[in-house]
Amino acid sequence: MDILLAASAFNSLTQRAYAELSDAAHRVDVVLATHGPDPVRAAVRERRPELIVAPMLKTALPEDVWREHTCLIVHPGPPGDRGPSSLDWAVDGEARQWGVTVLQAEAGMDAGAVWADEPFAVPETGKSDLYRNEAADAAMTALHRAVRRYADGDHKPRPQTGDWPEAVWRDYYRQDRRRIDWERDDTATVLRKLRGADSQPGVLDELQGREVFLHGGHPEDQLRGRPGDLLATRAGAVCRATRDGAVWIPELRPRKNSGDPAPFRRPAATVLASWTAPHTPTLPEIPAPLDLPAGRRTFADVRYRERGATGFVGFSFPGGAMSTDQCRRLLAAYRYALARPTSVLVLGGARDFFSNGIHLNVIEGAPDPGEESWRNLNAMDDVVEAVLRTTDRLVIAALAGNAAAGGAMLALAADEVWCRTGTVLNPHYRRMGLYGSEFWTYTLPRRTGPETARRLAAEALPMSAAQGVRLGLVDRLVPATPGEFAGTVETLAAEVSAAPGLADRIAAKAEARGADEAVRPLADHRRDELARMHAIFADPAAPYHALRSAFVRKTPAATTRPLRIGEGR
């Protein structure tokens, strides 16, 4: 079928819908509704789709569109749930079970006939992690079912009338419900509020006399202080005391009307450091042990552990972005892992994003974004090069979640790439106006061949992990739930480390690296890629700067028109 995806953003779920529906042999295009209803109307007129699907839509579809065409809305709530903040209410109510409903668009919000629905269990995690994992899995299961039913032509969607259970309308989840009372709220309550707003919209609060939004939350089991006081920093996060404990807050976002020139999410300690006296507190930096003892409840975005002959370098950064500092700390952890007596090394976090490459928010907030782009890219290159030059053990990149740009190339630097089913890959840079680095001119053609590598870079489209297998980018699909992925990877890695032919594989790997180095050294790839990137970073008129700023500040880029995926194909 010809399917048009209408979305408010080309976010993770929209990308996954695009990739998986394309895998199912549908012809899929995407139009973004960020510029009002006219781009949607124009796309419908030009493409004449058989079906319109809205994976993530913050505004209503034009009435003339949904009256004349079947439009399926993916709603992140169970049947009967209505309203714009379903997952917020699920986290607030500590729901153990939730669901996703695919319903037909009509005048009433979320009141259309139901084509499919799918339940899912709710783990103890943040709203954005939940959205990208359990909710996304359920959404795609329900969406595939709904599309098949529509294509078959003999299914009648169930109207939300008659014997339908009473609908539950949940209002927009406002800041007055999120507000933290540091004197009265216990740690569990604070964490629930923080996790329910971790990516968007954050929890409005006050720090050092300034209004900011708090993003993300992790428990702290040792530090204590007067409720509300800031206690320490760690890896960009700040620790704040609660009534009965403390929490780590990774990111802060100043209010837009605060006068702060960078009113977007950044590492919390960076935001605090940007404030002038007397607002800036002096806080101790308390690093977390790399090999954090079992049972500790604290914040650590980079970890190392061993199970037999396998080492695990775990990392988890908000939004998958990796700043200069984060790259350097990950490199230090990787080098520590190389000093350990293991034969297999696994890279990746337990769940959610693998990596999305350089940290555009930190770059945008820097005094000189071009210079910080350069520093960040070189730090990212250092990590990727360390992986590529590892010849004494097998390296596995285990992707619990999505990877893009330099983060995708970090995965491809490993000997094997394992992806949880449902992972979306974006092995390209063009949509941010970049040529790319991280040795992509070596790793991408090495796996796909030069012609396919050039096509992937030029088309700049998301792909499913299953498509990655077909193209040679992914070596193994791991059919596990988000909560089961880490344990499944540990079991599979143990099998690899115990395999009788592992020593021969490692020897062959070292020989192949030497042969490739003789043909064209890695240093040449790095030099040529960085030369192209430096020219972009140093040119104030390069599209990258406007695209980066628009992406970070959530504003339309002056250099772009409304996005239409599929044009020119």
# chains A, B, ... in the order shown; residues from 1 in each chain; ligands from 1
$ residues_around --residues "Ile3 of chain A" --least-positions-apart "4" --cutoff "9 Å" --atoms "only C-alpha atoms" --output "compact mmCIF listing (two decimals) with N, CA, C and O atoms, in the first residue's frame"
# COMPACT_ATOMS: atom_id res chain seq x y z
N LEU A 21 7.32 -0.29 8.37
CA LEU A 21 6.30 -0.39 7.32
C LEU A 21 6.95 -0.52 5.95
O LEU A 21 6.43 -1.21 5.07
N HIS A 26 5.47 -1.83 2.08
CA HIS A 26 4.61 -0.69 1.81
C HIS A 26 5.47 0.44 1.26
O HIS A 26 6.66 0.55 1.56
N ARG A 27 4.86 1.31 0.46
CA ARG A 27 5.53 2.52 -0.03
C ARG A 27 5.18 3.64 0.95
O ARG A 27 4.02 4.08 1.01
N VAL A 28 6.18 4.09 1.68
CA VAL A 28 5.94 4.99 2.81
C VAL A 28 6.59 6.34 2.57
O VAL A 28 7.75 6.42 2.17
N ASP A 29 5.83 7.40 2.81
CA ASP A 29 6.35 8.76 2.80
C ASP A 29 5.99 9.41 4.13
O ASP A 29 5.08 8.95 4.84
N VAL A 30 6.67 10.50 4.45
CA VAL A 30 6.44 11.21 5.71
C VAL A 30 6.28 12.68 5.44
O VAL A 30 7.02 13.27 4.64
N ARG A 47 0.56 12.80 -3.15
CA ARG A 47 0.89 11.39 -3.01
C ARG A 47 -0.31 10.47 -3.15
O ARG A 47 -0.14 9.29 -3.40
N ARG A 48 -1.49 11.00 -2.91
CA ARG A 48 -2.73 10.20 -2.99
C ARG A 48 -2.57 8.87 -2.25
O ARG A 48 -2.71 7.79 -2.83
N PRO A 49 -2.28 8.92 -0.96
CA PRO A 49 -2.04 7.67 -0.21
C PRO A 49 -3.32 6.85 -0.04
O PRO A 49 -4.42 7.40 0.00
N GLU A 50 -3.12 5.56 0.08
CA GLU A 50 -4.25 4.68 0.39
C GLU A 50 -4.61 4.73 1.87
O GLU A 50 -5.75 4.44 2.25
N LEU A 51 -3.62 5.08 2.70
CA LEU A 51 -3.83 5.11 4.14
C LEU A 51 -2.94 6.19 4.73
O LEU A 51 -1.79 6.36 4.30
N ILE A 52 -3.46 6.92 5.71
CA ILE A 52 -2.68 7.93 6.43
C ILE A 52 -2.52 7.45 7.87
O ILE A 52 -3.50 7.04 8.51
N VAL A 53 -1.30 7.49 8.38
CA VAL A 53 -1.01 7.05 9.74
C VAL A 53 -0.31 8.19 10.48
O VAL A 53 0.62 8.81 9.94
$ residues_around --residues "Arg532 of chain A" --least-positions-apart "4" --cutoff "10 Å" --atoms "only C-alpha atoms" --output "PyMOL selection string"
chain A and resi 434-437+527-528+536-537
$ closest_residue --among "A:Glu371, A:Pro462, A:Arg305, A:Ile506" --to "Thr390 of chain A" --atoms "only C-alpha atoms"
A:Ile506
$ residues_around --residues "segment 36-38 of chain A" --least-positions-apart "6" --cutoff "10 Å" --atoms "only C-alpha atoms" --output "count of residues only"
9
$ residues_around --residues "Asp244 of chain A" --least-positions-apart "4" --cutoff "9 Å" --atoms "only C-alpha atoms" --output "VMD selection string"
chain A and resid 185 to 187 224 227
$ select_by_dssp --residues "segment 111-220 of chain A" --states "helix (DSSP H, G or I)" --output "PyMOL selection string"
chain A and resi 127-152+175-178+187-195
$ write_last_selection --atoms "C-alpha atoms" --output "PDB file, in the first residue's frame"
ATOM      1  CA  LYS A 127       8.765   8.415  30.545  1.00  0.00           C
ATOM      2  CA  SER A 128      10.999   8.878  27.497  1.00  0.00           C
ATOM      3  CA  ASP A 129      12.679   5.495  27.999  1.00  0.00           C
ATOM      4  CA  LEU A 130       9.225   3.929  28.392  1.00  0.00           C
ATOM      5  CA  TYR A 131       8.011   5.659  25.228  1.00  0.00           C
ATOM      6  CA  ARG A 132      10.946   4.490  23.109  1.00  0.00           C
ATOM      7  CA  ASN A 133      10.871   0.922  24.393  1.00  0.00           C
ATOM      8  CA  GLU A 134       7.838  -0.858  25.875  1.00  0.00           C
ATOM      9  CA  ALA A 135       5.354   1.660  24.467  1.00  0.00           C
ATOM     10  CA  ALA A 136       7.039   1.687  21.049  1.00  0.00           C
ATOM     11  CA  ASP A 137       7.055  -2.122  20.894  1.00  0.00           C
ATOM     12  CA  ALA A 138       3.332  -2.178  21.684  1.00  0.00           C
ATOM     13  CA  ALA A 139       2.655   0.658  19.234  1.00  0.00           C
ATOM     14  CA  MET A 140       4.314  -1.159  16.349  1.00  0.00           C
ATOM     15  CA  THR A 141       2.571  -4.452  17.173  1.00  0.00           C
ATOM     16  CA  ALA A 142      -0.799  -2.671  17.160  1.00  0.00           C
ATOM     17  CA  LEU A 143       0.036  -0.595  14.081  1.00  0.00           C
ATOM     18  CA  HIS A 144       1.117  -3.602  12.012  1.00  0.00           C
ATOM     19  CA  ARG A 145      -2.108  -5.350  13.012  1.00  0.00           C
ATOM     20  CA  ALA A 146      -4.231  -2.326  12.122  1.00  0.00           C
ATOM     21  CA  VAL A 147      -2.542  -1.879   8.736  1.00  0.00           C
ATOM     22  CA  ARG A 148      -3.040  -5.558   7.886  1.00  0.00           C
ATOM     23  CA  ARG A 149      -6.691  -5.327   8.856  1.00  0.00           C
ATOM     24  CA  TYR A 150      -7.169  -2.250   6.699  1.00  0.00           C
ATOM     25  CA  ALA A 151      -5.387  -3.868   3.758  1.00  0.00           C
ATOM     26  CA  ASP A 152      -7.521  -7.017   4.034  1.00  0.00           C
ATOM     27  CA  GLN A 175       3.431  21.809  36.105  1.00  0.00           C
ATOM     28  CA  ASP A 176       1.426  22.376  39.290  1.00  0.00           C
ATOM     29  CA  ARG A 177       1.092  18.574  39.562  1.00  0.00           C
ATOM     30  CA  ARG A 178       4.783  18.038  38.858  1.00  0.00           C
ATOM     31  CA  THR A 187      12.817  10.323  47.504  1.00  0.00           C
ATOM     32  CA  ALA A 188      10.389   7.938  45.815  1.00  0.00           C
ATOM     33  CA  THR A 189       7.946  10.790  45.160  1.00  0.00           C
ATOM     34  CA  VAL A 190      10.676  13.066  43.842  1.00  0.00           C
ATOM     35  CA  LEU A 191      11.950  10.363  41.498  1.00  0.00           C
ATOM     36  CA  ARG A 192       8.446   9.662  40.202  1.00  0.00           C
ATOM     37  CA  LYS A 193       7.937  13.331  39.387  1.00  0.00           C
ATOM     38  CA  LEU A 194      11.338  13.657  37.736  1.00  0.00           C
ATOM     39  CA  ARG A 195      10.955  10.482  35.690  1.00  0.00           C
TER      40      ARG A 195
END
$ atom_distance --atom1 "atom CA of Gly217 of chain A" --atom2 "atom CA of Val247 of chain A"
6.3 Å
$ residues_around --residues "Ala541 of chain A" --least-positions-apart "4" --cutoff "12 Å" --atoms "only C-alpha atoms" --output "CSV table (one decimal) with all heavy atoms, in the first residue's frame"
chain,number,residue,atom,x,y,z
A,370,GLY,N,31.5,26.4,16.9
A,370,GLY,CA,32.3,25.7,15.9
A,370,GLY,C,33.5,25.1,16.6
A,370,GLY,O,33.9,23.9,16.2
A,433,GLY,N,23.5,18.6,7.9
A,433,GLY,CA,24.4,19.4,7.1
A,433,GLY,C,25.9,19.0,7.3
A,433,GLY,O,26.8,19.9,7.1
A,535,ALA,N,36.2,22.3,7.8
A,535,ALA,CA,35.7,23.4,6.9
A,535,ALA,C,34.3,23.8,7.2
A,535,ALA,O,33.9,25.0,7.1
A,535,ALA,CB,35.9,22.9,5.5
A,536,ILE,N,33.5,22.8,7.6
A,536,ILE,CA,32.1,23.1,7.9
A,536,ILE,C,32.0,23.8,9.2
A,536,ILE,O,31.3,24.9,9.3
A,536,ILE,CB,31.3,21.8,8.0
A,536,ILE,CG1,31.2,21.1,6.6
A,536,ILE,CG2,29.9,22.0,8.5
A,536,ILE,CD1,30.6,19.7,6.6
A,537,PHE,N,32.7,23.4,10.2
A,537,PHE,CA,32.6,24.0,11.5
A,537,PHE,C,33.1,25.4,11.5
A,537,PHE,O,32.6,26.3,12.2
A,537,PHE,CB,33.4,23.2,12.6
A,537,PHE,CG,32.9,21.8,12.8
A,537,PHE,CD1,33.8,20.8,13.3
A,537,PHE,CD2,31.6,21.5,12.7
A,537,PHE,CE1,33.3,19.5,13.6
A,537,PHE,CE2,31.1,20.2,12.9
A,537,PHE,CZ,32.0,19.2,13.4
A,545,HIS,N,25.2,25.0,11.0
A,545,HIS,CA,25.0,25.8,12.2
A,545,HIS,C,23.6,26.2,12.4
A,545,HIS,O,23.1,26.2,13.5
A,545,HIS,CB,25.9,27.1,12.1
A,545,HIS,CG,27.4,26.8,12.1
A,545,HIS,ND1,28.0,26.3,13.2
A,545,HIS,CD2,28.3,26.8,11.1
A,545,HIS,CE1,29.3,26.1,12.9
A,545,HIS,NE2,29.5,26.4,11.6
A,546,ALA,N,22.9,26.5,11.3
A,546,ALA,CA,21.5,26.8,11.4
A,546,ALA,C,20.6,25.6,11.7
A,546,ALA,O,19.7,25.6,12.5
A,546,ALA,CB,21.0,27.5,10.0
A,547,LEU,N,21.0,24.5,11.1
A,547,LEU,CA,20.3,23.2,11.4
A,547,LEU,C,20.5,22.8,12.8
A,547,LEU,O,19.5,22.3,13.5
A,547,LEU,CB,20.8,22.1,10.4
A,547,LEU,CG,20.4,22.3,8.9
A,547,LEU,CD1,21.1,21.4,8.1
A,547,LEU,CD2,18.9,22.1,8.8
A,558,ALA,N,15.9,28.4,9.2
A,558,ALA,CA,15.7,29.3,8.1
A,558,ALA,C,16.2,28.7,6.8
A,558,ALA,O,15.7,29.1,5.7
A,558,ALA,CB,16.5,30.6,8.4
A,559,THR,N,17.0,27.7,6.8
A,559,THR,CA,17.6,27.1,5.6
A,559,THR,C,16.8,26.0,5.1
A,559,THR,O,17.2,25.3,4.1
A,559,THR,CB,19.0,26.7,5.8
A,559,THR,OG1,19.1,25.8,6.9
A,559,THR,CG2,19.9,27.9,6.2
$ closest_residue --among "A:Ala105, A:Ala262, A:Ala413, A:Leu444" --to "Arg513 of chain A" --atoms "only C-alpha atoms"
A:Ala413
$ closest_atom_pairs --of "segment 14-86 of chain A" --to "segment 467-481 of chain A" --cutoff "10 Å" --atoms "only C-alpha atoms" --output "CSV"
residue,atom,partner,partner_atom,distance
A:Ala19,CA,A:Gln467,CA,8.3
A:Glu20,CA,A:Gln467,CA,8.9
A:Ser22,CA,A:Gln467,CA,9.7
A:Asp23,CA,A:Gln467,CA,7.2
$ closest_residue --among "A:Thr391, A:Thr452, A:Ser274, A:Thr282" --to "Pro367 of chain A" --atoms "only C-alpha atoms"
A:Ser274
$ closest_residue --among "A:Val362, A:Val31, A:Ala54, A:Ala300" --to "Ser323 of chain A" --atoms "only C-alpha atoms"
A:Val362
